[in-house]
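**Q** Just work-v5.cif, nothing more (mmCIF, N, CA and C atoms and all ligand atoms):
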```
data_work
loop_
_atom_site.label_atom_id
_atom_site.label_comp_id
_atom_site.auth_asym_id
_atom_site.auth_seq_id
_atom_site.Cartn_x
_atom_site.Cartn_y
_atom_site.Cartn_z
N MET N 883 122.54 95.35 89.92
CA MET N 883 121.89 94.31 89.11
C MET N 883 122.89 93.74 88.10
N PRO N 884 122.89 92.40 87.93
CA PRO N 884 123.80 91.81 86.94
C PRO N 884 123.39 92.22 85.52
N LEU N 885 124.36 92.35 84.65
CA LEU N 885 124.09 92.79 83.28
C LEU N 885 123.66 91.64 82.39
N THR N 886 124.04 90.42 82.75
CA THR N 886 123.68 89.28 81.90
C THR N 886 123.14 88.16 82.77
N GLY N 887 122.52 87.19 82.13
CA GLY N 887 121.98 86.05 82.86
C GLY N 887 120.71 86.42 83.60
N THR N 888 120.42 85.68 84.67
CA THR N 888 119.20 85.89 85.44
C THR N 888 119.24 87.26 86.10
N SER N 889 118.10 87.95 86.08
CA SER N 889 118.05 89.30 86.63
C SER N 889 118.25 89.31 88.13
N GLY N 890 118.72 90.44 88.66
CA GLY N 890 118.68 90.66 90.09
C GLY N 890 117.25 90.91 90.52
N VAL N 891 117.01 90.92 91.83
CA VAL N 891 115.65 91.10 92.33
C VAL N 891 115.61 92.25 93.34
N GLU N 892 114.78 93.23 93.05
CA GLU N 892 114.50 94.29 94.04
C GLU N 892 113.33 93.82 94.89
N ASP N 893 113.55 93.71 96.20
CA ASP N 893 112.53 93.12 97.07
C ASP N 893 111.85 94.14 97.95
N ARG N 894 112.29 95.40 97.90
CA ARG N 894 111.72 96.38 98.81
C ARG N 894 110.54 97.12 98.19
N ASP N 895 109.75 97.73 99.02
CA ASP N 895 108.49 98.33 98.57
C ASP N 895 108.66 99.83 98.40
N GLY N 896 108.92 100.26 97.16
CA GLY N 896 109.08 101.68 96.89
C GLY N 896 107.76 102.34 96.49
N SER N 897 106.64 101.69 96.79
CA SER N 897 105.33 102.18 96.38
C SER N 897 105.30 102.49 94.89
N GLY N 898 105.97 101.63 94.12
CA GLY N 898 105.98 101.77 92.67
C GLY N 898 107.09 102.64 92.13
N SER N 899 107.81 103.33 93.01
CA SER N 899 108.87 104.22 92.53
C SER N 899 110.25 103.71 92.96
N TYR N 900 111.17 103.67 92.00
CA TYR N 900 112.53 103.19 92.25
C TYR N 900 113.50 104.04 91.46
N LEU N 901 114.77 103.91 91.81
CA LEU N 901 115.82 104.57 91.05
C LEU N 901 116.77 103.50 90.53
N ALA N 902 116.82 103.37 89.21
CA ALA N 902 117.75 102.41 88.60
C ALA N 902 119.07 103.12 88.36
N VAL N 903 120.15 102.56 88.91
CA VAL N 903 121.47 103.20 88.79
C VAL N 903 122.36 102.32 87.92
N PHE N 904 122.87 102.90 86.85
CA PHE N 904 123.79 102.21 85.95
C PHE N 904 125.17 102.80 86.16
N THR N 905 126.13 101.95 86.49
CA THR N 905 127.49 102.43 86.75
C THR N 905 128.41 102.01 85.60
N PHE N 906 129.13 102.98 85.09
CA PHE N 906 130.03 102.74 83.95
C PHE N 906 131.49 102.83 84.41
N ASP N 907 132.38 102.41 83.53
CA ASP N 907 133.82 102.43 83.85
C ASP N 907 134.38 103.85 83.85
N ASP N 908 133.72 104.74 83.12
CA ASP N 908 134.20 106.11 83.00
C ASP N 908 133.04 107.06 83.29
N PRO N 909 133.35 108.32 83.56
CA PRO N 909 132.27 109.29 83.77
C PRO N 909 131.36 109.38 82.54
N VAL N 910 130.07 109.57 82.80
CA VAL N 910 129.08 109.69 81.72
C VAL N 910 128.26 110.96 81.94
N THR N 911 127.84 111.56 80.85
CA THR N 911 127.11 112.83 80.98
C THR N 911 125.82 112.86 80.16
N SER N 912 125.60 111.86 79.31
CA SER N 912 124.36 111.86 78.54
C SER N 912 124.00 110.45 78.14
N GLY N 913 122.74 110.25 77.78
CA GLY N 913 122.27 108.94 77.37
C GLY N 913 120.76 108.87 77.50
N ASP N 914 120.18 107.81 76.92
CA ASP N 914 118.73 107.65 76.94
C ASP N 914 118.37 106.35 77.65
N ALA N 915 117.18 106.32 78.23
CA ALA N 915 116.69 105.10 78.87
C ALA N 915 115.23 104.90 78.47
N ALA N 916 114.88 103.66 78.15
CA ALA N 916 113.51 103.36 77.77
C ALA N 916 113.12 101.99 78.32
N ILE N 917 111.86 101.84 78.66
CA ILE N 917 111.33 100.54 79.09
C ILE N 917 110.99 99.75 77.84
N VAL N 918 111.60 98.58 77.67
CA VAL N 918 111.29 97.78 76.49
C VAL N 918 110.39 96.59 76.80
N SER N 919 110.31 96.20 78.09
CA SER N 919 109.29 95.23 78.47
C SER N 919 109.00 95.36 79.95
N GLY N 920 107.81 94.94 80.34
CA GLY N 920 107.40 95.06 81.73
C GLY N 920 106.60 96.33 81.97
N THR N 921 105.98 96.40 83.18
CA THR N 921 105.13 97.53 83.51
C THR N 921 105.89 98.50 84.39
N ALA N 922 106.30 99.62 83.81
CA ALA N 922 107.01 100.68 84.51
C ALA N 922 107.12 101.87 83.57
N THR N 923 107.38 103.02 84.15
CA THR N 923 107.61 104.23 83.37
C THR N 923 108.99 104.76 83.72
N ALA N 924 109.79 105.06 82.70
CA ALA N 924 111.13 105.61 82.93
C ALA N 924 111.07 107.13 82.83
N GLY N 925 111.67 107.80 83.82
CA GLY N 925 111.76 109.25 83.79
C GLY N 925 113.03 109.72 83.09
N VAL N 926 113.31 110.96 83.23
CA VAL N 926 114.49 111.55 82.60
C VAL N 926 115.74 111.18 83.40
N PRO N 927 116.75 110.60 82.75
CA PRO N 927 117.97 110.22 83.48
C PRO N 927 118.74 111.42 83.98
N THR N 928 119.45 111.21 85.09
CA THR N 928 120.40 112.21 85.57
C THR N 928 121.77 111.54 85.62
N PHE N 929 122.82 112.35 85.65
CA PHE N 929 124.18 111.83 85.56
C PHE N 929 125.03 112.40 86.67
N SER N 930 125.84 111.51 87.28
CA SER N 930 126.72 111.95 88.34
C SER N 930 127.95 111.06 88.32
N GLY N 931 129.10 111.62 87.97
CA GLY N 931 130.31 110.81 87.90
C GLY N 931 130.14 109.68 86.90
N ASN N 932 130.39 108.44 87.36
CA ASN N 932 130.27 107.27 86.48
C ASN N 932 128.86 106.71 86.44
N GLU N 933 127.93 107.39 87.11
CA GLU N 933 126.57 106.86 87.22
C GLU N 933 125.56 107.56 86.34
N MET N 934 124.69 106.72 85.79
CA MET N 934 123.49 107.20 85.11
C MET N 934 122.32 106.71 85.95
N ARG N 935 121.47 107.64 86.39
CA ARG N 935 120.37 107.28 87.29
C ARG N 935 119.04 107.50 86.59
N VAL N 936 118.23 106.46 86.57
CA VAL N 936 116.96 106.53 85.87
C VAL N 936 115.82 106.34 86.87
N PRO N 937 115.02 107.38 87.09
CA PRO N 937 113.88 107.22 87.99
C PRO N 937 112.79 106.36 87.33
N LEU N 938 112.27 105.41 88.10
CA LEU N 938 111.20 104.55 87.60
C LEU N 938 109.94 104.81 88.40
N ALA N 939 108.81 104.86 87.72
CA ALA N 939 107.53 105.06 88.38
C ALA N 939 106.55 104.00 87.90
N GLU N 940 105.46 103.85 88.63
CA GLU N 940 104.39 102.93 88.25
C GLU N 940 104.91 101.53 88.00
N VAL N 941 105.87 101.11 88.85
CA VAL N 941 106.45 99.78 88.70
C VAL N 941 105.52 98.76 89.35
N ALA N 942 105.09 97.77 88.59
CA ALA N 942 104.23 96.71 89.14
C ALA N 942 105.09 95.66 89.84
N ASP N 943 104.48 94.97 90.81
CA ASP N 943 105.18 93.92 91.54
C ASP N 943 105.09 92.61 90.77
N GLN N 944 105.94 91.64 91.15
CA GLN N 944 105.95 90.29 90.57
C GLN N 944 106.17 90.31 89.06
N GLN N 945 107.16 91.05 88.62
CA GLN N 945 107.44 91.09 87.19
C GLN N 945 108.88 91.52 86.95
N ASN N 946 109.31 91.27 85.72
CA ASN N 946 110.63 91.71 85.27
C ASN N 946 110.46 92.93 84.37
N VAL N 947 111.32 93.90 84.57
CA VAL N 947 111.31 95.10 83.73
C VAL N 947 112.64 95.15 82.99
N THR N 948 112.57 95.32 81.68
CA THR N 948 113.79 95.47 80.88
C THR N 948 113.96 96.93 80.50
N ILE N 949 115.11 97.47 80.90
CA ILE N 949 115.42 98.86 80.58
C ILE N 949 116.51 98.86 79.51
N GLU N 950 116.24 99.58 78.44
CA GLU N 950 117.26 99.73 77.40
C GLU N 950 117.96 101.06 77.58
N VAL N 951 119.25 100.99 77.80
CA VAL N 951 120.07 102.20 77.92
C VAL N 951 120.81 102.37 76.61
N SER N 952 120.69 103.55 76.02
CA SER N 952 121.29 103.74 74.70
C SER N 952 121.97 105.08 74.56
N ASN N 953 122.83 105.12 73.56
CA ASN N 953 123.51 106.36 73.15
C ASN N 953 124.21 107.07 74.31
N VAL N 954 124.80 106.26 75.19
CA VAL N 954 125.50 106.85 76.33
C VAL N 954 126.72 107.62 75.82
N ASP N 955 126.76 108.88 76.18
CA ASP N 955 127.81 109.80 75.69
C ASP N 955 127.93 109.75 74.17
N GLY N 956 126.76 109.57 73.53
CA GLY N 956 126.74 109.65 72.07
C GLY N 956 127.39 108.48 71.35
N ASP N 957 127.53 107.33 72.03
CA ASP N 957 128.24 106.22 71.38
C ASP N 957 127.37 105.45 70.39
N GLY N 958 126.05 105.73 70.40
CA GLY N 958 125.17 105.09 69.44
C GLY N 958 124.80 103.65 69.77
N GLY N 959 125.39 103.06 70.80
CA GLY N 959 125.10 101.68 71.15
C GLY N 959 123.93 101.57 72.11
N SER N 960 123.54 100.34 72.43
CA SER N 960 122.49 100.15 73.42
C SER N 960 122.68 98.83 74.15
N ASP N 961 122.16 98.79 75.37
CA ASP N 961 122.21 97.58 76.18
C ASP N 961 120.91 97.43 76.94
N ASP N 962 120.45 96.20 77.06
CA ASP N 962 119.24 95.92 77.82
C ASP N 962 119.62 95.33 79.17
N VAL N 963 119.02 95.85 80.23
CA VAL N 963 119.26 95.31 81.57
C VAL N 963 117.91 94.94 82.17
N VAL N 964 117.84 93.72 82.73
CA VAL N 964 116.58 93.24 83.30
C VAL N 964 116.60 93.40 84.82
N PHE N 965 115.55 93.98 85.36
CA PHE N 965 115.37 94.14 86.80
C PHE N 965 114.14 93.33 87.22
N GLY N 966 114.31 92.47 88.22
CA GLY N 966 113.15 91.77 88.77
C GLY N 966 112.59 92.57 89.94
N PHE N 967 111.27 92.64 90.04
CA PHE N 967 110.63 93.31 91.17
C PHE N 967 109.73 92.30 91.88
N LEU N 968 110.08 91.98 93.12
CA LEU N 968 109.29 91.02 93.89
C LEU N 968 109.36 91.41 95.36
N LYS N 969 108.31 92.07 95.82
CA LYS N 969 108.29 92.54 97.21
C LYS N 969 108.37 91.36 98.17
N GLY N 970 109.29 91.44 99.10
CA GLY N 970 109.38 90.43 100.15
C GLY N 970 110.39 89.34 99.88
N ASP N 971 110.97 89.31 98.67
CA ASP N 971 111.95 88.26 98.35
C ASP N 971 113.32 88.70 98.84
N VAL N 972 113.50 88.66 100.15
CA VAL N 972 114.72 89.22 100.73
C VAL N 972 115.98 88.43 100.36
N ASN N 973 115.84 87.12 100.11
CA ASN N 973 117.04 86.35 99.75
C ASN N 973 117.22 86.24 98.24
N GLY N 974 116.34 86.89 97.48
CA GLY N 974 116.56 87.00 96.04
C GLY N 974 116.47 85.71 95.26
N ASP N 975 115.73 84.72 95.77
CA ASP N 975 115.63 83.45 95.02
C ASP N 975 114.39 83.40 94.13
N ARG N 976 113.75 84.54 93.96
CA ARG N 976 112.64 84.73 93.02
C ARG N 976 111.31 84.15 93.47
N THR N 977 111.23 83.75 94.76
CA THR N 977 109.97 83.29 95.34
C THR N 977 109.90 83.83 96.77
N VAL N 978 108.71 84.26 97.19
CA VAL N 978 108.55 84.70 98.58
C VAL N 978 108.01 83.54 99.39
N LYS N 979 108.80 83.09 100.36
CA LYS N 979 108.36 81.95 101.15
C LYS N 979 108.90 82.05 102.57
N ASN N 980 108.76 80.96 103.34
CA ASN N 980 109.11 81.00 104.77
C ASN N 980 110.56 81.40 105.02
N THR N 981 111.47 81.00 104.12
CA THR N 981 112.88 81.34 104.35
C THR N 981 113.07 82.85 104.36
N ASP N 982 112.27 83.58 103.59
CA ASP N 982 112.36 85.04 103.59
C ASP N 982 111.84 85.61 104.92
N VAL N 983 110.74 85.05 105.40
CA VAL N 983 110.18 85.49 106.68
C VAL N 983 111.20 85.26 107.79
N THR N 984 111.81 84.07 107.77
CA THR N 984 112.79 83.71 108.79
C THR N 984 113.97 84.69 108.79
N GLN N 985 114.43 85.04 107.60
CA GLN N 985 115.58 85.96 107.49
C GLN N 985 115.25 87.33 108.08
N VAL N 986 114.06 87.84 107.79
CA VAL N 986 113.67 89.16 108.30
C VAL N 986 113.49 89.11 109.82
N LYS N 987 112.88 88.04 110.30
CA LYS N 987 112.68 87.92 111.76
C LYS N 987 114.01 87.85 112.49
N ALA N 988 115.00 87.21 111.86
CA ALA N 988 116.33 87.09 112.50
C ALA N 988 117.01 88.45 112.62
N ALA N 989 116.64 89.38 111.74
CA ALA N 989 117.26 90.71 111.76
C ALA N 989 116.39 91.72 112.51
N ASN N 990 115.31 91.25 113.12
CA ASN N 990 114.37 92.16 113.79
C ASN N 990 115.08 93.07 114.79
N GLY N 991 114.78 94.36 114.70
CA GLY N 991 115.34 95.33 115.63
C GLY N 991 116.61 95.99 115.14
N GLN N 992 117.20 95.47 114.06
CA GLN N 992 118.46 96.04 113.56
C GLN N 992 118.20 97.31 112.75
N LEU N 993 119.11 98.26 112.89
CA LEU N 993 119.12 99.40 111.97
C LEU N 993 119.67 98.91 110.64
N VAL N 994 119.26 99.60 109.56
CA VAL N 994 119.67 99.17 108.23
C VAL N 994 121.16 99.41 108.00
N THR N 995 121.83 98.39 107.47
CA THR N 995 123.25 98.49 107.11
C THR N 995 123.43 98.00 105.67
N GLY N 996 124.65 98.04 105.20
CA GLY N 996 124.95 97.57 103.86
C GLY N 996 124.71 96.08 103.68
N SER N 997 124.61 95.34 104.78
CA SER N 997 124.42 93.89 104.63
C SER N 997 122.99 93.43 104.89
N ASN N 998 122.19 94.24 105.57
CA ASN N 998 120.81 93.78 105.85
C ASN N 998 119.74 94.64 105.18
N PHE N 999 120.15 95.55 104.29
CA PHE N 999 119.17 96.50 103.73
C PHE N 999 118.01 95.83 103.01
N ARG N 1000 118.23 94.62 102.50
CA ARG N 1000 117.14 93.94 101.78
C ARG N 1000 116.02 93.54 102.75
N ASP N 1001 116.32 93.46 104.04
CA ASP N 1001 115.31 93.05 105.01
C ASP N 1001 114.35 94.18 105.37
N ASP N 1002 114.71 95.41 105.01
CA ASP N 1002 113.87 96.57 105.34
C ASP N 1002 112.88 96.83 104.20
N ILE N 1003 111.85 96.01 104.16
CA ILE N 1003 110.91 96.04 103.04
C ILE N 1003 110.26 97.42 102.88
N ASN N 1004 109.87 98.03 104.00
CA ASN N 1004 109.13 99.30 103.89
C ASN N 1004 110.03 100.53 103.93
N LEU N 1005 111.34 100.33 103.83
CA LEU N 1005 112.30 101.44 103.72
C LEU N 1005 112.20 102.41 104.89
N SER N 1006 111.95 101.87 106.09
CA SER N 1006 111.81 102.72 107.27
C SER N 1006 113.16 103.02 107.91
N GLY N 1007 114.21 102.31 107.48
CA GLY N 1007 115.53 102.50 108.07
C GLY N 1007 115.82 101.51 109.18
N LYS N 1008 114.82 100.68 109.50
CA LYS N 1008 114.99 99.69 110.56
C LYS N 1008 114.26 98.41 110.16
N VAL N 1009 114.82 97.27 110.56
CA VAL N 1009 114.14 96.00 110.32
C VAL N 1009 113.26 95.71 111.51
N ASP N 1010 111.96 95.63 111.27
CA ASP N 1010 111.06 95.42 112.39
C ASP N 1010 109.85 94.57 111.98
N LYS N 1011 108.88 94.52 112.87
CA LYS N 1011 107.74 93.63 112.66
C LYS N 1011 106.98 93.96 111.38
N ALA N 1012 106.90 95.24 111.03
CA ALA N 1012 106.18 95.62 109.82
C ALA N 1012 106.81 94.97 108.59
N ASP N 1013 108.13 94.79 108.63
CA ASP N 1013 108.81 94.16 107.50
C ASP N 1013 108.48 92.67 107.42
N SER N 1014 108.53 91.98 108.55
CA SER N 1014 108.21 90.55 108.49
C SER N 1014 106.74 90.33 108.13
N GLN N 1015 105.87 91.26 108.58
CA GLN N 1015 104.46 91.16 108.19
C GLN N 1015 104.29 91.36 106.68
N ALA N 1016 105.09 92.29 106.12
CA ALA N 1016 105.00 92.54 104.68
C ALA N 1016 105.45 91.32 103.88
N VAL N 1017 106.49 90.65 104.38
CA VAL N 1017 106.96 89.45 103.69
C VAL N 1017 105.89 88.37 103.77
N THR N 1018 105.34 88.18 104.98
CA THR N 1018 104.30 87.16 105.16
C THR N 1018 103.11 87.42 104.23
N ALA N 1019 102.75 88.70 104.08
CA ALA N 1019 101.60 89.06 103.25
C ALA N 1019 101.84 88.73 101.77
N ASN N 1020 103.10 88.65 101.37
CA ASN N 1020 103.44 88.40 99.97
C ASN N 1020 103.86 86.96 99.71
N LYS N 1021 103.74 86.10 100.73
CA LYS N 1021 104.15 84.71 100.57
C LYS N 1021 103.42 84.06 99.40
N GLY N 1022 104.15 83.30 98.63
CA GLY N 1022 103.57 82.62 97.47
C GLY N 1022 103.78 83.38 96.17
N HIS N 1023 104.17 84.66 96.29
CA HIS N 1023 104.43 85.44 95.08
C HIS N 1023 105.75 84.98 94.47
N ARG N 1024 105.86 85.09 93.16
CA ARG N 1024 107.08 84.67 92.48
C ARG N 1024 107.29 85.49 91.21
N LEU N 1025 108.53 85.46 90.74
CA LEU N 1025 108.83 86.10 89.47
C LEU N 1025 108.63 85.10 88.35
N PRO N 1026 108.16 85.55 87.19
CA PRO N 1026 107.99 84.63 86.07
C PRO N 1026 109.35 84.14 85.54
CA CA L 1101 112.87 84.26 98.58
CA CA L 1102 111.35 98.55 108.08
#
```
What is this structure when it is put down as structure tokens?
Ligand SMILES: [Ca+2]
Ligand SMILES: [Ca+2]

**A**
Amino acid sequence: MPLTGTSGVEDRDGSGSYLAVFTFDDPVTSGDAAIVSGTATAGVPTFSGNEMRVPLAEVADQQNVTIEVSNVDGDGGSDDVVFGFLKGDVNGDRTVKNTDVTQVKAANGQLVTGSNFRDDINLSGKVDKADSQAVTANKGHRLP
């Protein structure tokens, strides 16, 4: 997710549960995370190498969630990062429409890779009809 400007968009269906990963320039071992806007619950962060991982639960669809990360390695500072959640928005343009359906249908039958993972809405590991149906079912949804 970008740190500034318009938020990135998570388009897959984690049934309300996601893992927000913050990557730093150096290894990190401590820090706090809190939801400052949007509907979600932040769990206890874990740390691995340069990553701080924050489990999210009860994340609502069609909204932006702002996570404030603070006091990383005791530095006393804080940063807000905005995450957009919009199921079915595979091309990340903040609206679910026919272009998203077309993209998923074009990838039908493919196993998930680093380039098509956004098309696997239901996280089954494969892009298939259930994914295009999920996008179709969410057509018209948008991020504020
Ligand atoms: Ca879209
Ligand atoms: Ca799938």

**Q** Do you know which residues are at most 8 Å from Thr981 of chain N counting all atoms listed in the file, after dropping those on the same chain fewer than 6 positions away, and could you put them as a count of residues only?

**A** 3

**Q** Give me the residues of chain N that have any atom at most 6 Å from an atom of ligand CA 1102 (chain L); for each, the nearest atom pair and the distance in Å, rounded to one decimal. Use all atoms listed in the file, sort by chain and number, and format it as CSV.

**A**
```
residue,atom,partner,partner_atom,distance
N:Asp1001,C,L:CA1102,CA,6.0
N:Asp1002,CA,L:CA1102,CA,4.2
N:Ile1003,N,L:CA1102,CA,4.7
N:Asn1004,N,L:CA1102,CA,4.4
N:Leu1005,N,L:CA1102,CA,4.6
N:Ser1006,N,L:CA1102,CA,3.9
N:Gly1007,N,L:CA1102,CA,4.8
N:Lys1008,C,L:CA1102,CA,3.6
N:Val1009,CA,L:CA1102,CA,4.4
N:Asp1010,N,L:CA1102,CA,4.4
N:Ala1012,C,L:CA1102,CA,5.8
N:Asp1013,N,L:CA1102,CA,5.0
```

**Q** Just the selected residues (N, CA and C atoms), exported as a tab-separated table (two decimals), in the frame of the given file, please.

**A**
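What landed in part.tsv:
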```tsv
chain	number	residue	atom	x	y	z
N	1001	ASP	N	116.32	93.46	104.04
N	1001	ASP	CA	115.31	93.05	105.01
N	1001	ASP	C	114.35	94.18	105.37
N	1002	ASP	N	114.71	95.41	105.01
N	1002	ASP	CA	113.87	96.57	105.34
N	1002	ASP	C	112.88	96.83	104.20
N	1003	ILE	N	111.85	96.01	104.16
N	1003	ILE	CA	110.91	96.04	103.04
N	1003	ILE	C	110.26	97.42	102.88
N	1004	ASN	N	109.87	98.03	104.00
N	1004	ASN	CA	109.13	99.30	103.89
N	1004	ASN	C	110.03	100.53	103.93
N	1005	LEU	N	111.34	100.33	103.83
N	1005	LEU	CA	112.30	101.44	103.72
N	1005	LEU	C	112.20	102.41	104.89
N	1006	SER	N	111.95	101.87	106.09
N	1006	SER	CA	111.81	102.72	107.27
N	1006	SER	C	113.16	103.02	107.91
N	1007	GLY	N	114.21	102.31	107.48
N	1007	GLY	CA	115.53	102.50	108.07
N	1007	GLY	C	115.82	101.51	109.18
N	1008	LYS	N	114.82	100.68	109.50
N	1008	LYS	CA	114.99	99.69	110.56
N	1008	LYS	C	114.26	98.41	110.16
N	1009	VAL	N	114.82	97.27	110.56
N	1009	VAL	CA	114.14	96.00	110.32
N	1009	VAL	C	113.26	95.71	111.51
N	1010	ASP	N	111.96	95.63	111.27
N	1010	ASP	CA	111.06	95.42	112.39
N	1010	ASP	C	109.85	94.57	111.98
N	1012	ALA	N	106.90	95.24	111.03
N	1012	ALA	CA	106.18	95.62	109.82
N	1012	ALA	C	106.81	94.97	108.59
N	1013	ASP	N	108.13	94.79	108.63
N	1013	ASP	CA	108.81	94.16	107.50
N	1013	ASP	C	108.48	92.67	107.42
```

**Q** Can you pull out the residues contacting Leu901 of chain N? Cut-off 9 Å, using only C-alpha atoms, and skip same-chain residues under 6 positions away; I want them as an MDAnalysis selection string.

**A** chainID N and resid 935:939

**Q** Selection from above, N, CA and C atoms, as a compact mmCIF listing (two decimals), in the coordinates of the input, can you write it?

**A**
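What follows is the written file selection.txt:
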```txt
# COMPACT_ATOMS: atom_id res chain seq x y z
N ARG N 935 121.47 107.64 86.39
CA ARG N 935 120.37 107.28 87.29
C ARG N 935 119.04 107.50 86.59
N VAL N 936 118.23 106.46 86.57
CA VAL N 936 116.96 106.53 85.87
C VAL N 936 115.82 106.34 86.87
N PRO N 937 115.02 107.38 87.09
CA PRO N 937 113.88 107.22 87.99
C PRO N 937 112.79 106.36 87.33
N LEU N 938 112.27 105.41 88.10
CA LEU N 938 111.20 104.55 87.60
C LEU N 938 109.94 104.81 88.40
N ALA N 939 108.81 104.86 87.72
CA ALA N 939 107.53 105.06 88.38
C ALA N 939 106.55 104.00 87.90
```

**Q** Tell me, which residues of chain N carry DSSP strand (DSSP E or B), written as a ChimeraX atom specification?

**A** /N:890-892,900-905,914-919,923-924,928-930,933-939,945-952,960-967,977,993,1008,1024

**Q** Which one is closest to Gly959 of chain N: N:Pro909, N:Glu940, N:Phe999, N:Asp914? Count only C-alpha atoms.

**A**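 Among N:Pro909, N:Glu940, N:Phe999, N:Asp914, it is N:Asp914 that comes nearest to Gly959 of chain N.
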
**Q** Show me, as CSV, the residues of chain N having an atom within 5 Å of ligand CA 1101 (chain L), each with the closest atom pair and its distance in Å, using only N, CA and C atoms and all ligand atoms.

**A**
```
residue,atom,partner,partner_atom,distance
N:Asp971,CA,L:CA1101,CA,4.1
N:Val972,N,L:CA1101,CA,4.7
N:Asn973,N,L:CA1101,CA,4.4
N:Gly974,N,L:CA1101,CA,4.5
N:Asp975,N,L:CA1101,CA,4.0
N:Arg976,N,L:CA1101,CA,4.7
N:Thr977,C,L:CA1101,CA,3.5
N:Val978,CA,L:CA1101,CA,4.3
N:Lys979,N,L:CA1101,CA,4.6
```

**Q** Just give me the gap between atom CA of Gly896 of chain N and atom CA of Asp955 of chain N in Å, one decimal is fine.

**A**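 Distance between the two atoms: 29.4 Å.
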
**Q** Might you pull out every residue within 5 Å of segment 930-933 of chain N, with only N, CA and C atoms counted and same-chain residues fewer than 3 positions away left off, and present them as a count of residues only?

**A** 6

**Q** I need the residue nearest Ser960 of chain N from this list: N:Lys1011, N:Ala1019, N:Ala915, N:Arg894. Use only C-alpha atoms for the distance.

**A**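 Smallest distance to Ser960 of chain N is found for N:Ala915.
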